[in-house]
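Notes for the one structure printed next.
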Amino acid sequence: MAHSSTRPLAAPAPAVRDVVELLKPITWFPPMWAFMCGVVSSGVPIVDRWPFLIAGIALTGPLVCGTSQAVNDWFDRHVDAINQPDRPIPSGRIAGRWGLWIACIGTLLSLAVAAATGPWVLGATGIGLVLAWAYSAPPLRLKVNAVWGPGAVALSYEGLTWFTGAAVMAGALPDGRVLAVLLLYSLGAHGIMTLNDFKAVEGDLATGVRSLPAMLGVDRAARIACAVMLAPQLAVIALLIAWGLMLSAAIVAALTLAQIGFMRVLLRDPRGKTPWYNGTGISAYVFGMLAAALGLGGVI
């Protein structure tokens, strides 16, 4: 008598379009922008550094950032089933353990490219990947903490990618002024990450994620986020003035003043106005990063 096998069938390989959606290309822009700020801030001509520049763009965008999105979606699949059930993993379009395998492959590939680019880039990439896994994966799962979670993302997306850009160009540890500015902009980006948590308050409350909006409410979290974004930029302006980079300081100051106006609108309706602020206030923030980088690099 024939017996049918009870061994479960392996999940089919996902479609390319679903893998691309998992890696969230729209999220690659912030780290790639910070990387270019690092390139500019180094003051090193790009003429002879094109291979390293291309490798750095690939690292900060599709490789490390894309990997971090895959890691996050795998370990957040139960939260996404509440907040975003149409995402590739909770919808079943990426079935079985394919989400985890994609995250692991991205991690190994990122380290391989970073190792070929240089030791400082490998170090920054390694830290970024550790933070990506620590942010989403147990036992640390930093994202459940309102301070460490956004801080890990801000450091990865802004600071480490800026560092990578400067290190790629210089082939060495970046200048101390560059390190000071990238750390300040990383601190300010903590507020940006807090704004991003507004869209997931219900899922966070249901699954025990202690984001600032979940703990304090959206209104109070928005005020804290604005203060966290503003304070480091004021410090950057002061440093640029102290270093004699007056044009750069003036541009950053003008963009910061614009943000204050945008923040007043945001605070009237934080949840409703956050998408609008992302296109106005956050744009002013990142252009301020570029202005500071141009000053450090001797361009302005």
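Each chain of the structure tokens is named A, B, ... in the order shown, its residues numbered from 1; ligands are numbered from 1 in display order.
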For Leu205 in chain A: contacts at 12 Å, only C-alpha atoms, fewer than 3 positions along chain excluded, given as a PyMOL selection string:
chain A and resi 79+82-83+144+197-202+208-217
Residue contacts of Thr256 in chain A (9 Å, only C-alpha atoms) excluding same-chain residues fewer than 2 positions away, as a PyMOL selection string:
chain A and resi 230+233-234+251-254+258-261+281+284-285+288
Looking only at helix (DSSP H, G or I) from DSSP on the backbone, list the matching residues of range 68-235 of chain A as a PyMOL selection string.
chain A and resi 68-75+77-83+98-117+119-136+142-144+148-170+176-207+212-216+218-235
Would you pick out the contacts of range 164-176 of chain A at 7 Å or less, using only C-alpha atoms, so that residues sharing its chain but fewer than 2 positions from it are not included, and give the list as a list of chain:residue names?
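Non-adjacent residues within range: A:Phe35, A:Met36, A:Gly38, A:Val39, A:Ser41, A:Ser42, A:Val44, A:Arg49, A:Phe52, A:Leu53, A:Gly56, A:Trp120, A:Val121, A:Ala124, A:Leu160, A:Thr161, A:Trp162, A:Val178, A:Leu179, A:Ala180.
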In Å, rounded to a single decimal, give me how far CA of Cys65 in chain A is from CA of Gly106 in chain A.
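Rounded to one decimal, the two atoms are 9.5 Å apart.
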Excluding Asp76 in chain A and any residue of its chain fewer than 3 positions from it, enumerate the residues within 10 Å of it, using only C-alpha atoms, and give them as a PyMOL selection string.
chain A and resi 70-73+79-81+89-90+136-137+207
Convert the current residue selection to file output with C-alpha atoms, as a compact mmCIF listing (two decimals), in the first residue's frame.
```
# COMPACT_ATOMS: atom_id res chain seq x y z
CA ALA A 70 14.73 42.61 5.02
CA VAL A 71 15.88 41.96 8.60
CA ASN A 72 13.25 44.32 9.96
CA ASP A 73 10.42 42.86 7.88
CA VAL A 79 3.55 43.54 13.66
CA ASP A 80 3.20 44.08 9.91
CA ALA A 81 0.29 41.65 9.89
CA ILE A 89 6.09 38.51 4.12
CA PRO A 90 2.74 38.76 5.99
CA SER A 136 14.97 44.11 14.90
CA ALA A 137 16.13 40.73 16.15
CA THR A 207 2.86 44.20 20.27
```
Let me make sure I understand: among A:Gly123, A:Gly43, A:Pro275, A:Gly298, which one has the smallest atom-to-atom distance to Asn196 in chain A if we use only C-alpha atoms?
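For Asn196 in chain A, the nearest of the given residues is A:Pro275.
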